[in-house]
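Novice: As input, take target-v7.tsv (TSV, C-alpha atoms and all ligand atoms):
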chain	number	residue	atom	x	y	z
A	1	MET	CA	4.87	-14.30	6.36
A	2	VAL	CA	4.58	-10.67	5.30
A	3	THR	CA	1.53	-8.50	5.90
A	4	VAL	CA	0.98	-5.20	4.13
A	5	LYS	CA	-0.95	-2.88	6.43
A	6	ILE	CA	-2.38	0.21	4.77
A	7	ASN	CA	-3.89	2.98	6.86
A	8	LYS	CA	-6.54	4.08	4.39
A	9	ASN	CA	-7.25	7.32	6.20
A	10	LEU	CA	-3.59	8.37	5.95
A	11	CYS	CA	-3.46	7.54	2.24
A	12	LYS	CA	-4.13	10.53	0.00
A	13	GLY	CA	-4.34	8.44	-3.17
A	14	CYS	CA	-1.26	9.92	-4.86
A	15	GLU	CA	-0.49	6.51	-6.47
A	16	LEU	CA	3.26	6.98	-5.95
A	17	CYS	CA	3.65	3.55	-4.37
A	18	ILE	CA	1.87	1.50	-7.05
A	19	PRO	CA	4.58	1.32	-9.76
A	20	PHE	CA	7.26	0.49	-7.18
A	21	CYS	CA	5.74	-2.88	-6.30
A	22	PRO	CA	7.58	-5.58	-8.27
A	23	TYR	CA	4.45	-7.78	-8.25
A	24	ASP	CA	1.83	-5.17	-9.13
A	25	SER	CA	0.18	-6.02	-5.82
A	26	LEU	CA	-1.18	-2.55	-5.05
A	27	ALA	CA	-4.18	-0.85	-6.64
A	28	MET	CA	-6.63	1.96	-6.05
A	29	ASP	CA	-9.66	1.09	-3.95
A	30	ASP	CA	-13.16	1.90	-5.19
A	31	THR	CA	-14.25	2.82	-1.67
A	32	LEU	CA	-13.30	6.31	-0.48
A	33	ASN	CA	-11.60	6.90	2.85
A	34	ALA	CA	-12.92	9.14	5.63
A	35	TYR	CA	-11.59	12.23	3.83
A	36	GLY	CA	-13.25	11.40	0.53
A	37	LEU	CA	-9.99	10.28	-1.08
A	38	GLN	CA	-9.45	7.07	-3.01
A	39	PRO	CA	-6.89	5.01	-1.09
A	40	VAL	CA	-4.62	2.19	-2.12
A	41	TYR	CA	-5.29	-1.43	-1.18
A	42	PHE	CA	-3.27	-4.62	-1.31
A	43	LYS	CA	-4.66	-7.12	-3.79
A	44	GLU	CA	-5.51	-10.21	-1.75
A	45	GLY	CA	-3.68	-13.28	-2.99
A	46	HIS	CA	-0.98	-11.29	-4.74
A	47	PRO	CA	2.63	-11.86	-3.70
A	48	CYS	CA	4.67	-9.62	-1.42
A	49	ASN	CA	8.34	-10.16	-0.71
A	50	GLY	CA	8.50	-7.54	2.03
A	51	CYS	CA	10.83	-5.30	0.02
A	52	ARG	CA	9.21	-2.19	1.58
A	53	ASN	CA	9.45	-0.22	-1.66
A	54	CYS	CA	5.87	0.91	-1.23
A	55	ALA	CA	6.33	1.95	2.39
A	56	ILE	CA	9.52	3.87	1.61
A	57	MET	CA	7.89	5.73	-1.28
A	58	CYS	CA	4.81	6.78	0.67
A	59	PRO	CA	5.06	10.44	1.74
A	60	GLU	CA	2.25	9.90	4.26
A	61	ALA	CA	3.74	6.81	5.97
A	62	ALA	CA	0.43	5.08	5.28
A	63	ILE	CA	1.96	1.66	4.59
A	64	GLU	CA	3.49	-0.63	7.19
A	65	ILE	CA	5.15	-3.93	6.31
A	66	VAL	CA	4.88	-6.45	9.10
A	67	THR	CA	7.04	-9.54	8.96
A	68	ALA	CA	6.07	-12.44	11.23
A	69	GLN	CA	8.20	-15.52	11.87
B	101	LIG	S1	6.55	-4.56	0.29
B	101	LIG	FE1	7.31	-4.67	-1.83
B	101	LIG	S2	6.35	-6.51	-2.69
B	101	LIG	FE2	5.21	-5.97	-0.83
B	101	LIG	S3	3.49	-4.71	-1.55
B	101	LIG	FE3	5.16	-3.31	-0.97
B	101	LIG	S4	6.31	-2.97	-2.88
B	101	LIG	FE4	5.00	-4.78	-3.19
B	102	LIG	S1	2.18	6.52	-1.73
B	102	LIG	FE1	1.06	6.50	0.25
B	102	LIG	S2	-0.38	8.19	0.06
B	102	LIG	FE2	0.31	7.73	-2.01
B	102	LIG	S3	-1.20	6.24	-2.81
B	102	LIG	FE3	0.48	5.05	-1.90
B	102	LIG	S4	-0.18	4.63	0.22
B	102	LIG	FE4	-1.43	6.32	-0.57
What is this structure when it is put down as structure tokens?
Specialist:
Amino acid sequence: MVTVKINKNLCKGCELCIPFCPYDSLAMDDTLNAYGLQPVYFKEGHPCNGCRNCAIMCPEAAIEIVTAQ
């Protein structure tokens, strides 16, 4: 079980992570974060293989991939 945790207030909405997801599971949220920036969200129900591409690409370390047994 993999959980994609996105800290929306760390995300600056640069969109760098989005094309690196092999399942197109990330998108821009309509709701702004506390700094008035449009953050990324994980599309509920979409797959995630825990590859960490998105987390590695993020210059703000806004994405954490949590793998549970
Ligand atoms: S860990 Fe990989 S599969 Fe999961 S959301 Fe990030 S890029 Fe996509
Ligand atoms: S790379 Fe990081 S800062 Fe940029 S949109 Fe993705 S989560 Fe937000």
Novice: Give the residue list for ligand LIG 102 (chain B) at 10 Å, counting all atoms listed in the file, as an MDAnalysis selection string, sorted by chain and then by residue number.
Specialist: chainID A and resid 5:20 26:29 37:42 53:64
Novice: Choose the residue, out of A:Thr31, A:Val66, A:Gly45, A:Pro22, that has the smallest atom-to-atom separation from ligand LIG 101 (chain B); count all atoms listed in the file.
Specialist: A:Pro22
Novice: Excluding same-chain residues fewer than 4 positions from Cys48 (chain A), what lies within 9 Å of it counting all atoms listed in the file, as a PyMOL selection string?
Specialist: chain A and resi 2-4+21-23+25
Novice: For C-alpha atoms, I'd like the residues from the last selection saved as a short mmCIF file (atom, residue, chain, number, x, y, z; two decimals), in the coordinates of the input.
Specialist:
data_model
loop_
_atom_site.label_atom_id
_atom_site.label_comp_id
_atom_site.auth_asym_id
_atom_site.auth_seq_id
_atom_site.Cartn_x
_atom_site.Cartn_y
_atom_site.Cartn_z
CA VAL A 2 4.58 -10.67 5.30
CA THR A 3 1.53 -8.50 5.90
CA VAL A 4 0.98 -5.20 4.13
CA CYS A 21 5.74 -2.88 -6.30
CA PRO A 22 7.58 -5.58 -8.27
CA TYR A 23 4.45 -7.78 -8.25
CA SER A 25 0.18 -6.02 -5.82
#
Novice: Between CA of Ala68 (chain A) and CA of Glu44 (chain A), what distance in Å does the model show, to one decimal?
Specialist: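 So the two atoms, CA of Ala68 (chain A) and CA of Glu44 (chain A), lie 17.5 Å apart.
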Novice: What separation in Å, quoted to one decimal, exists between CA of Arg52 (chain A) and CA of Gly36 (chain A)?
Specialist: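 These two atoms are separated by 26.3 Å.
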